[in-house]
file run.pdb (PDB, C-alpha atoms)
ATOM      1  CA  MET O 490      20.809  37.915 -16.267  1.00  0.00           C
ATOM      2  CA  ASN O 491      17.619  35.965 -16.624  1.00  0.00           C
ATOM      3  CA  ILE O 492      14.662  36.294 -14.314  1.00  0.00           C
ATOM      4  CA  ASP O 493      13.540  32.683 -14.765  1.00  0.00           C
ATOM      5  CA  ILE O 494      15.597  31.381 -11.897  1.00  0.00           C
ATOM      6  CA  ILE O 495      13.590  33.438  -9.419  1.00  0.00           C
ATOM      7  CA  PHE O 496      10.379  31.781 -10.528  1.00  0.00           C
ATOM      8  CA  LYS O 497      12.060  28.421 -10.387  1.00  0.00           C
ATOM      9  CA  ILE O 498      13.171  28.982  -6.808  1.00  0.00           C
ATOM     10  CA  ALA O 499       9.706  30.210  -5.882  1.00  0.00           C
ATOM     11  CA  ALA O 500       8.180  27.067  -7.358  1.00  0.00           C
ATOM     12  CA  ILE O 501      10.584  24.873  -5.420  1.00  0.00           C
ATOM     13  CA  GLY O 502       9.692  26.797  -2.283  1.00  0.00           C
ATOM     14  CA  ILE O 503       5.982  26.212  -2.761  1.00  0.00           C
ATOM     15  CA  LEU O 504       6.525  22.554  -3.524  1.00  0.00           C
ATOM     16  CA  VAL O 505       8.694  21.958  -0.491  1.00  0.00           C
ATOM     17  CA  THR O 506       6.167  23.726   1.731  1.00  0.00           C
ATOM     18  CA  VAL O 507       3.312  21.557   0.518  1.00  0.00           C
ATOM     19  CA  LEU O 508       5.374  18.383   0.822  1.00  0.00           C
ATOM     20  CA  ASN O 509       6.405  19.415   4.298  1.00  0.00           C
ATOM     21  CA  GLN O 510       2.786  19.911   5.330  1.00  0.00           C
ATOM     22  CA  VAL O 511       1.745  16.568   3.877  1.00  0.00           C
ATOM     23  CA  LEU O 512       4.520  14.725   5.671  1.00  0.00           C
ATOM     24  CA  ILE O 513       3.887  16.438   9.005  1.00  0.00           C
ATOM     25  CA  ARG O 514       0.152  15.750   8.729  1.00  0.00           C
ATOM     26  CA  SER O 515       0.855  12.032   8.427  1.00  0.00           C
ATOM     27  CA  GLY O 516       3.192  12.039  11.403  1.00  0.00           C
ATOM     28  CA  ARG O 517       6.581  11.867   9.733  1.00  0.00           C
ATOM     29  CA  GLU O 518       8.404  14.840  11.152  1.00  0.00           C
ATOM     30  CA  GLU O 519      11.871  13.502  10.390  1.00  0.00           C
ATOM     31  CA  GLN O 520      11.180  13.022   6.702  1.00  0.00           C
ATOM     32  CA  ALA O 521       9.595  16.470   6.566  1.00  0.00           C
ATOM     33  CA  MET O 522      12.799  17.904   7.989  1.00  0.00           C
ATOM     34  CA  MET O 523      14.849  16.004   5.423  1.00  0.00           C
ATOM     35  CA  VAL O 524      12.685  17.312   2.581  1.00  0.00           C
ATOM     36  CA  THR O 525      13.145  20.871   3.782  1.00  0.00           C
ATOM     37  CA  LEU O 526      16.899  20.392   3.973  1.00  0.00           C
ATOM     38  CA  ALA O 527      16.982  18.836   0.509  1.00  0.00           C
ATOM     39  CA  GLY O 528      15.055  21.813  -0.858  1.00  0.00           C
ATOM     40  CA  ILE O 529      17.522  24.226   0.707  1.00  0.00           C
ATOM     41  CA  VAL O 530      20.479  22.326  -0.732  1.00  0.00           C
ATOM     42  CA  VAL O 531      18.958  22.223  -4.219  1.00  0.00           C
ATOM     43  CA  VAL O 532      18.253  25.934  -4.227  1.00  0.00           C
ATOM     44  CA  LEU O 533      21.732  26.659  -2.879  1.00  0.00           C
ATOM     45  CA  MET O 534      23.237  24.611  -5.694  1.00  0.00           C
ATOM     46  CA  MET O 535      21.323  26.718  -8.176  1.00  0.00           C
ATOM     47  CA  VAL O 536      22.358  30.087  -6.795  1.00  0.00           C
ATOM     48  CA  ILE O 537      25.917  29.338  -5.717  1.00  0.00           C
ATOM     49  CA  ASN O 538      27.367  30.272  -9.110  1.00  0.00           C
ATOM     50  CA  MET O 539      25.591  33.598  -9.046  1.00  0.00           C
ATOM     51  CA  ILE O 540      26.761  34.335  -5.515  1.00  0.00           C
ATOM     52  CA  ASN O 541      30.288  33.606  -6.663  1.00  0.00           C
ATOM     53  CA  ASN O 542      29.855  36.056  -9.532  1.00  0.00           C
ATOM     54  CA  LEU O 543      28.532  38.657  -7.139  1.00  0.00           C
ATOM     55  CA  PHE O 544      31.543  38.302  -4.856  1.00  0.00           C
ATOM     56  CA  ASN O 545      33.901  38.566  -7.804  1.00  0.00           C
ATOM     57  CA  ALA O 546      32.100  41.690  -8.960  1.00  0.00           C
ATOM     58  CA  VAL O 547      32.381  43.243  -5.513  1.00  0.00           C
ATOM     59  CA  LYS O 548      36.061  42.401  -5.424  1.00  0.00           C
ATOM     60  CA  THR O 549      36.637  43.978  -8.823  1.00  0.00           C
ATOM     61  CA  ILE O 550      34.741  47.129  -7.969  1.00  0.00           C
ATOM     62  CA  PHE O 551      36.723  47.789  -4.801  1.00  0.00           C
ATOM     63  CA  GLN O 552      39.950  46.428  -6.312  1.00  0.00           C
ATOM     64  CA  LEU O 553      40.572  43.900  -3.545  1.00  0.00           C
ATOM     65  CA  TYR O 554      43.063  41.658  -5.344  1.00  0.00           C
TER      66      TYR O 554
ATOM     67  CA  MET L 725       7.942  18.003 -27.042  1.00  0.00           C
ATOM     68  CA  LYS L 726       8.573  19.569 -23.669  1.00  0.00           C
ATOM     69  CA  LEU L 727       4.892  19.348 -22.829  1.00  0.00           C
ATOM     70  CA  LEU L 728       4.862  15.675 -23.695  1.00  0.00           C
ATOM     71  CA  GLY L 729       7.752  15.073 -21.313  1.00  0.00           C
ATOM     72  CA  ILE L 730       5.989  16.992 -18.550  1.00  0.00           C
ATOM     73  CA  VAL L 731       2.823  14.980 -18.985  1.00  0.00           C
ATOM     74  CA  LEU L 732       4.711  11.689 -19.044  1.00  0.00           C
ATOM     75  CA  VAL L 733       6.713  12.449 -15.908  1.00  0.00           C
ATOM     76  CA  ILE L 734       3.664  13.595 -13.944  1.00  0.00           C
ATOM     77  CA  PHE L 735       1.637  10.633 -15.107  1.00  0.00           C
ATOM     78  CA  SER L 736       4.285   8.076 -14.229  1.00  0.00           C
ATOM     79  CA  THR L 737       5.122   9.399 -10.793  1.00  0.00           C
ATOM     80  CA  SER L 738       1.518   9.882  -9.767  1.00  0.00           C
ATOM     81  CA  SER L 739       0.588   6.419 -10.951  1.00  0.00           C
ATOM     82  CA  LEU L 740       3.512   5.093  -8.922  1.00  0.00           C
ATOM     83  CA  GLY L 741       2.092   6.902  -5.908  1.00  0.00           C
ATOM     84  CA  TYR L 742      -1.345   5.440  -6.557  1.00  0.00           C
ATOM     85  CA  LEU L 743       0.185   1.996  -6.853  1.00  0.00           C
ATOM     86  CA  PHE L 744       1.766   2.291  -3.416  1.00  0.00           C
ATOM     87  CA  ALA L 745      -1.487   3.617  -1.993  1.00  0.00           C
ATOM     88  CA  LEU L 746      -3.380   0.738  -3.580  1.00  0.00           C
ATOM     89  CA  LYS L 747      -1.291  -1.746  -1.640  1.00  0.00           C
ATOM     90  CA  TYR L 748      -2.633  -0.451   1.684  1.00  0.00           C
ATOM     91  CA  LYS L 749      -6.154  -0.168   0.378  1.00  0.00           C
ATOM     92  CA  MET L 750      -6.109  -3.700  -1.014  1.00  0.00           C
ATOM     93  CA  ARG L 751      -4.872  -5.194   2.267  1.00  0.00           C
ATOM     94  CA  HIS L 752      -7.705  -3.508   4.110  1.00  0.00           C
ATOM     95  CA  TRP L 753     -10.225  -4.633   1.512  1.00  0.00           C
ATOM     96  CA  ILE L 754      -9.001  -8.235   1.396  1.00  0.00           C
ATOM     97  CA  LEU L 755      -9.038  -8.564   5.184  1.00  0.00           C
ATOM     98  CA  LYS L 756     -12.552  -7.174   5.300  1.00  0.00           C
ATOM     99  CA  SER L 757     -13.935  -9.523   2.688  1.00  0.00           C
ATOM    100  CA  MET L 758     -12.028 -12.442   4.196  1.00  0.00           C
ATOM    101  CA  ILE L 759     -13.705 -11.824   7.547  1.00  0.00           C
ATOM    102  CA  SER L 760     -17.167 -11.682   6.037  1.00  0.00           C
ATOM    103  CA  SER L 761     -16.502 -14.821   3.981  1.00  0.00           C
ATOM    104  CA  LEU L 762     -15.259 -16.674   7.047  1.00  0.00           C
ATOM    105  CA  ASN L 763     -18.375 -15.620   8.932  1.00  0.00           C
ATOM    106  CA  LEU L 764     -20.480 -17.048   6.159  1.00  0.00           C
ATOM    107  CA  PHE L 765     -18.368 -20.182   6.155  1.00  0.00           C
ATOM    108  CA  LYS L 766     -18.885 -20.611   9.880  1.00  0.00           C
ATOM    109  CA  ILE L 767     -22.629 -20.295   9.560  1.00  0.00           C
ATOM    110  CA  GLU L 768     -22.693 -22.740   6.678  1.00  0.00           C
ATOM    111  CA  ILE L 769     -20.647 -25.277   8.628  1.00  0.00           C
ATOM    112  CA  THR L 770     -22.701 -25.046  11.793  1.00  0.00           C
ATOM    113  CA  TYR L 771     -26.152 -25.163  10.183  1.00  0.00           C
ATOM    114  CA  SER L 772     -25.932 -27.082   6.938  1.00  0.00           C
ATOM    115  CA  LYS L 773     -24.181 -30.403   7.202  1.00  0.00           C
ATOM    116  CA  ALA L 774     -23.128 -30.479   3.542  1.00  0.00           C
ATOM    117  CA  PRO L 775     -19.655 -31.778   2.574  1.00  0.00           C
ATOM    118  CA  LEU L 776     -16.874 -29.228   2.918  1.00  0.00           C
ATOM    119  CA  GLY L 777     -16.193 -29.127  -0.826  1.00  0.00           C
ATOM    120  CA  GLU L 778     -19.746 -28.092  -1.636  1.00  0.00           C
ATOM    121  CA  ILE L 779     -19.835 -25.512   1.135  1.00  0.00           C
ATOM    122  CA  LEU L 780     -16.598 -23.993  -0.111  1.00  0.00           C
ATOM    123  CA  MET L 781     -17.937 -23.786  -3.646  1.00  0.00           C
ATOM    124  CA  ALA L 782     -21.083 -22.050  -2.401  1.00  0.00           C
ATOM    125  CA  ILE L 783     -19.003 -19.598  -0.374  1.00  0.00           C
ATOM    126  CA  SER L 784     -16.732 -18.836  -3.303  1.00  0.00           C
ATOM    127  CA  ARG L 785     -19.742 -17.941  -5.414  1.00  0.00           C
ATOM    128  CA  SER L 786     -20.995 -15.422  -2.891  1.00  0.00           C
ATOM    129  CA  SER L 787     -17.720 -13.901  -1.728  1.00  0.00           C
ATOM    130  CA  ASP L 788     -15.828 -10.933  -3.052  1.00  0.00           C
ATOM    131  CA  LYS L 789     -13.545 -11.573  -5.999  1.00  0.00           C
ATOM    132  CA  SER L 790     -10.421 -10.699  -4.030  1.00  0.00           C
ATOM    133  CA  VAL L 791     -10.830 -13.743  -1.788  1.00  0.00           C
ATOM    134  CA  LYS L 792     -12.871 -15.931  -4.126  1.00  0.00           C
ATOM    135  CA  PHE L 793      -9.847 -17.875  -5.307  1.00  0.00           C
ATOM    136  CA  VAL L 794      -8.938 -19.476  -1.970  1.00  0.00           C
ATOM    137  CA  PHE L 795     -12.400 -20.866  -1.413  1.00  0.00           C
ATOM    138  CA  SER L 796     -12.959 -22.065  -4.954  1.00  0.00           C
ATOM    139  CA  LYS L 797      -9.492 -23.638  -5.132  1.00  0.00           C
ATOM    140  CA  THR L 798      -9.906 -25.435  -1.801  1.00  0.00           C
ATOM    141  CA  GLY L 799     -13.355 -26.593  -2.806  1.00  0.00           C
ATOM    142  CA  MET L 800     -12.041 -27.820  -6.121  1.00  0.00           C
ATOM    143  CA  ILE L 801      -9.221 -29.799  -4.517  1.00  0.00           C
ATOM    144  CA  LEU L 802     -11.599 -31.314  -1.984  1.00  0.00           C
ATOM    145  CA  SER L 803     -14.269 -32.281  -4.478  1.00  0.00           C
ATOM    146  CA  GLN L 804     -11.755 -33.976  -6.742  1.00  0.00           C
ATOM    147  CA  ASN L 805     -11.174 -36.563  -3.981  1.00  0.00           C
ATOM    148  CA  GLU L 806      -7.420 -36.772  -4.389  1.00  0.00           C
ATOM    149  CA  GLY L 807      -6.794 -37.714  -0.778  1.00  0.00           C
ATOM    150  CA  TYR L 808      -5.966 -34.264   0.558  1.00  0.00           C
ATOM    151  CA  THR L 809      -7.323 -33.303   3.938  1.00  0.00           C
ATOM    152  CA  ALA L 810      -9.161 -29.996   4.228  1.00  0.00           C
ATOM    153  CA  GLY L 811      -6.188 -28.398   5.984  1.00  0.00           C
ATOM    154  CA  GLU L 812      -3.767 -29.447   3.240  1.00  0.00           C
ATOM    155  CA  ALA L 813      -6.095 -28.274   0.489  1.00  0.00           C
ATOM    156  CA  TRP L 814      -6.529 -24.934   2.262  1.00  0.00           C
ATOM    157  CA  GLU L 815      -2.789 -24.516   2.552  1.00  0.00           C
ATOM    158  CA  ILE L 816      -2.194 -25.304  -1.128  1.00  0.00           C
ATOM    159  CA  ALA L 817      -4.856 -22.804  -2.152  1.00  0.00           C
ATOM    160  CA  LEU L 818      -3.423 -20.210   0.204  1.00  0.00           C
ATOM    161  CA  LYS L 819       0.042 -20.617  -1.267  1.00  0.00           C
ATOM    162  CA  GLU L 820      -1.253 -20.140  -4.804  1.00  0.00           C
ATOM    163  CA  TRP L 821      -3.426 -17.201  -3.834  1.00  0.00           C
ATOM    164  CA  ASP L 822      -0.776 -15.159  -2.005  1.00  0.00           C
ATOM    165  CA  ASN L 823      -0.429 -12.016  -4.106  1.00  0.00           C
ATOM    166  CA  GLY L 824       1.754  -9.811  -1.967  1.00  0.00           C
ATOM    167  CA  TYR L 825      -0.965  -7.533  -0.658  1.00  0.00           C
ATOM    168  CA  LEU L 826      -1.315  -9.289   2.670  1.00  0.00           C
ATOM    169  CA  LYS L 827       1.354  -9.235   5.329  1.00  0.00           C
ATOM    170  CA  LYS L 828       3.077 -12.345   6.638  1.00  0.00           C
ATOM    171  CA  GLU L 829       1.092 -12.226   9.880  1.00  0.00           C
ATOM    172  CA  ASP L 830      -2.220 -12.232   8.037  1.00  0.00           C
ATOM    173  CA  ILE L 831      -1.187 -15.236   5.972  1.00  0.00           C
ATOM    174  CA  GLU L 832       0.021 -16.967   9.119  1.00  0.00           C
ATOM    175  CA  ILE L 833      -3.371 -16.489  10.793  1.00  0.00           C
ATOM    176  CA  LEU L 834      -5.116 -17.976   7.772  1.00  0.00           C
ATOM    177  CA  ARG L 835      -2.662 -20.875   7.661  1.00  0.00           C
ATOM    178  CA  SER L 836      -3.125 -21.758  11.318  1.00  0.00           C
ATOM    179  CA  PHE L 837      -6.858 -21.547  10.725  1.00  0.00           C
ATOM    180  CA  GLY L 838      -6.363 -24.145   7.998  1.00  0.00           C
ATOM    181  CA  PHE L 839      -4.706 -26.578  10.403  1.00  0.00           C
ATOM    182  CA  GLY L 840      -7.870 -26.747  12.461  1.00  0.00           C
ATOM    183  CA  LEU L 841     -10.193 -26.869   9.493  1.00  0.00           C
ATOM    184  CA  GLY L 842     -12.256 -30.006   9.105  1.00  0.00           C
ATOM    185  CA  ASN L 843     -10.666 -32.242  11.733  1.00  0.00           C
ATOM    186  CA  SER L 844     -13.008 -31.976  14.711  1.00  0.00           C
ATOM    187  CA  ASP L 845     -16.674 -31.726  15.604  1.00  0.00           C
ATOM    188  CA  VAL L 846     -18.881 -28.756  14.843  1.00  0.00           C
ATOM    189  CA  TYR L 847     -18.440 -27.164  18.256  1.00  0.00           C
ATOM    190  CA  ASN L 848     -14.666 -27.100  18.016  1.00  0.00           C
ATOM    191  CA  GLN L 849     -14.821 -25.956  14.397  1.00  0.00           C
ATOM    192  CA  GLU L 850     -16.847 -23.004  15.532  1.00  0.00           C
ATOM    193  CA  LYS L 851     -14.209 -22.107  18.082  1.00  0.00           C
ATOM    194  CA  ASN L 852     -11.528 -22.328  15.407  1.00  0.00           C
ATOM    195  CA  PHE L 853     -13.509 -19.927  13.220  1.00  0.00           C
ATOM    196  CA  ASP L 854     -14.056 -17.537  16.091  1.00  0.00           C
ATOM    197  CA  LEU L 855     -10.365 -17.438  16.834  1.00  0.00           C
ATOM    198  CA  ALA L 856      -9.399 -16.764  13.217  1.00  0.00           C
ATOM    199  CA  ILE L 857     -12.050 -14.071  12.808  1.00  0.00           C
ATOM    200  CA  GLU L 858     -11.009 -12.402  16.028  1.00  0.00           C
ATOM    201  CA  LEU L 859      -7.355 -12.324  14.991  1.00  0.00           C
ATOM    202  CA  LEU L 860      -8.228 -11.071  11.512  1.00  0.00           C
ATOM    203  CA  LYS L 861     -10.336  -8.328  13.023  1.00  0.00           C
ATOM    204  CA  ARG L 862      -7.367  -7.145  14.989  1.00  0.00           C
ATOM    205  CA  GLN L 863      -5.266  -7.138  11.824  1.00  0.00           C
ATOM    206  CA  LEU L 864      -8.073  -5.246  10.108  1.00  0.00           C
ATOM    207  CA  SER L 865      -8.057  -2.399  12.590  1.00  0.00           C
ATOM    208  CA  ASN L 866      -4.288  -2.346  12.302  1.00  0.00           C
ATOM    209  CA  ALA L 867      -4.538  -2.172   8.512  1.00  0.00           C
ATOM    210  CA  GLU L 868      -7.161   0.538   8.735  1.00  0.00           C
ATOM    211  CA  GLU L 869      -4.871   2.700  10.811  1.00  0.00           C
ATOM    212  CA  GLU L 870      -1.993   2.142   8.441  1.00  0.00           C
ATOM    213  CA  SER L 871      -4.007   2.848   5.328  1.00  0.00           C
ATOM    214  CA  LYS L 872      -5.419   6.019   6.831  1.00  0.00           C
ATOM    215  CA  LYS L 873      -1.907   7.177   7.549  1.00  0.00           C
ATOM    216  CA  ASN L 874      -0.189   6.153   4.338  1.00  0.00           C
ATOM    217  CA  GLU L 875      -2.736   6.143   1.538  1.00  0.00           C
ATOM    218  CA  LYS L 876      -3.124   9.882   1.167  1.00  0.00           C
ATOM    219  CA  LEU L 877       0.549  10.441   1.798  1.00  0.00           C
ATOM    220  CA  TYR L 878       1.666   8.224  -1.076  1.00  0.00           C
ATOM    221  CA  LYS L 879      -0.851   9.729  -3.478  1.00  0.00           C
ATOM    222  CA  ASN L 880       0.281  13.258  -2.639  1.00  0.00           C
ATOM    223  CA  ILE L 881       3.950  12.388  -2.718  1.00  0.00           C
ATOM    224  CA  GLY L 882       3.565  10.804  -6.149  1.00  0.00           C
ATOM    225  CA  VAL L 883       2.159  13.968  -7.697  1.00  0.00           C
ATOM    226  CA  LEU L 884       4.491  16.295  -5.825  1.00  0.00           C
ATOM    227  CA  ALA L 885       7.591  14.295  -6.722  1.00  0.00           C
ATOM    228  CA  GLY L 886       6.597  14.574 -10.382  1.00  0.00           C
ATOM    229  CA  LEU L 887       6.259  18.341 -10.032  1.00  0.00           C
ATOM    230  CA  ALA L 888       9.633  18.529  -8.277  1.00  0.00           C
ATOM    231  CA  ILE L 889      11.363  16.631 -11.076  1.00  0.00           C
ATOM    232  CA  ILE L 890       9.790  18.882 -13.684  1.00  0.00           C
ATOM    233  CA  ILE L 891      10.787  22.084 -11.928  1.00  0.00           C
ATOM    234  CA  LEU L 892      14.321  20.863 -11.389  1.00  0.00           C
ATOM    235  CA  PHE L 893      14.914  19.911 -15.011  1.00  0.00           C
ATOM    236  CA  LEU L 894      12.950  22.617 -16.747  1.00  0.00           C
TER     237      LEU L 894
END
call {"tool": "encode", "arguments": {"input": "run.pdb", "output": "structure tokens"}}
result
Amino acid sequence: MNIDIIFKIAAIGILVTVLNQVLIRSGREEQAMMVTLAGIVVVLMMVINMINNLFNAVKTIFQLY
Amino acid sequence: MKLLGIVLVIFSTSSLGYLFALKYKMRHWILKSMISSLNLFKIEITYSKAPLGEILMAISRSSDKSVKFVFSKTGMILSQNEGYTAGEAWEIALKEWDNGYLKKEDIEILRSFGFGLGNSDVYNQEKNFDLAIELLKRQLSNAEEESKKNEKLYKNIGVLAGLAIIILFL
């Protein structure tokens, strides 16, 4: 279990926030929305494997096969 | 090795952003210097009665280097006495000068200005100049608005896109 991914997600969060602000400031709300969504999707892609592992672990612990 | 990659990615994306920003800045700058050169041209035409070729050469010496080419090229064509009218020479120069920074409408204004150039008396010439300058001024305020909106945006997006790529692939 490495801790790096947390920092990575935090960095993406900061980046998306700044980009969002820049786009909104120049009057492009739609693109800002798209950027936010893209950020969410990217982060989800990164963590989806781990969530899967977590679910499997829960299943194994409570023997829900 | 990793550091080198980071530096290269950031550098390339931010320079791309600057390049896009430059496009807006250049349009604004070219329109501005074109207006001041045309003003000078108008004054030269109405007060000194020198031949058009000489006037154009004089203007090209004193105008900004972004618009210098049109005036010097037109002046050159006219002073070579090859049988071109002023309007034709202006159009040829305009075609060679077009470097992608100006929009189609701006070029169209300059071209229609060329049609009226040098084929009537001083009074009507002055009106032709006034019309072109007025239209260019409108384009200028338009360009100003656009550059204010987009210049900073493209610069920021360039740098931020580089950072995003780095974070994603690190």
call {"tool": "closest_residue", "arguments": {"input": "run.pdb", "among": "L:Leu860, L:Leu743, L:Val731, L:Leu884", "to": "chain O", "atoms": "all atoms listed in the file"}}
result
L:Leu884
call {"tool": "axis_aligned_box", "arguments": {"input": "run.pdb", "around": "range 797-813 of chain L", "padding_each_side": "8 Å", "output": "AutoDock Vina command-line options"}}
result
--center_x -9.0 --center_y -30.7 --center_z -0.4 --size_x 26.5 --size_y 30.1 --size_z 28.7
call {"tool": "closest_residue", "arguments": {"input": "run.pdb", "among": "L:Glu812, L:Glu768, L:Glu829, L:Glu868", "to": "Phe853 in chain L", "atoms": "all atoms listed in the file"}}
result
L:Glu768
call {"tool": "interface_residues", "arguments": {"input": "run.pdb", "of": "chain L", "to": "chain O", "cutoff": "8 Å", "atoms": "only C-alpha atoms", "output": "MDAnalysis selection string"}}
result
chainID L and resid 873:874 877 880:881 884 887:888 891:892
call {"tool": "atom_distance", "arguments": {"input": "run.pdb", "atom1": "CA of Ser761 in chain L", "atom2": "CA of Ser784 in chain L"}}
result
8.3 Å
call {"tool": "atom_distance", "arguments": {"input": "run.pdb", "atom1": "CA of Ser871 in chain L", "atom2": "CA of Val524 in chain O"}}
result
22.3 Å
call {"tool": "closest_residue", "arguments": {"input": "run.pdb", "among": "L:Thr809, L:Ile730, L:Leu776, L:Phe795", "to": "Phe893 in chain L", "atoms": "only C-alpha atoms"}}
result
L:Ile730
call {"tool": "resolve_selection", "arguments": {"input": "run.pdb", "expression": "the PyMOL selection byres ((chain L and resi 782) around 10)", "output": "ChimeraX atom specification"}}
result
/L:764-765,768,776-781,783-787,795-796,799
call {"tool": "atom_distance", "arguments": {"input": "run.pdb", "atom1": "CA of Tyr847 in chain L", "atom2": "CA of Lys773 in chain L"}}
result
12.9 Å
call {"tool": "resolve_selection", "arguments": {"input": "run.pdb", "expression": "the PyMOL selection byres ((chain L and resi 866) around 12)", "output": "list in words"}}
result
Tyr748, Arg751, His752, Leu755, Lys756, Lys827, Glu829, Asp830, Leu859, Leu860, Lys861, Arg862, Gln863, Leu864, Ser865, Ala867, Glu868, Glu869, Glu870, Ser871, Lys872 and Lys873 of chain L
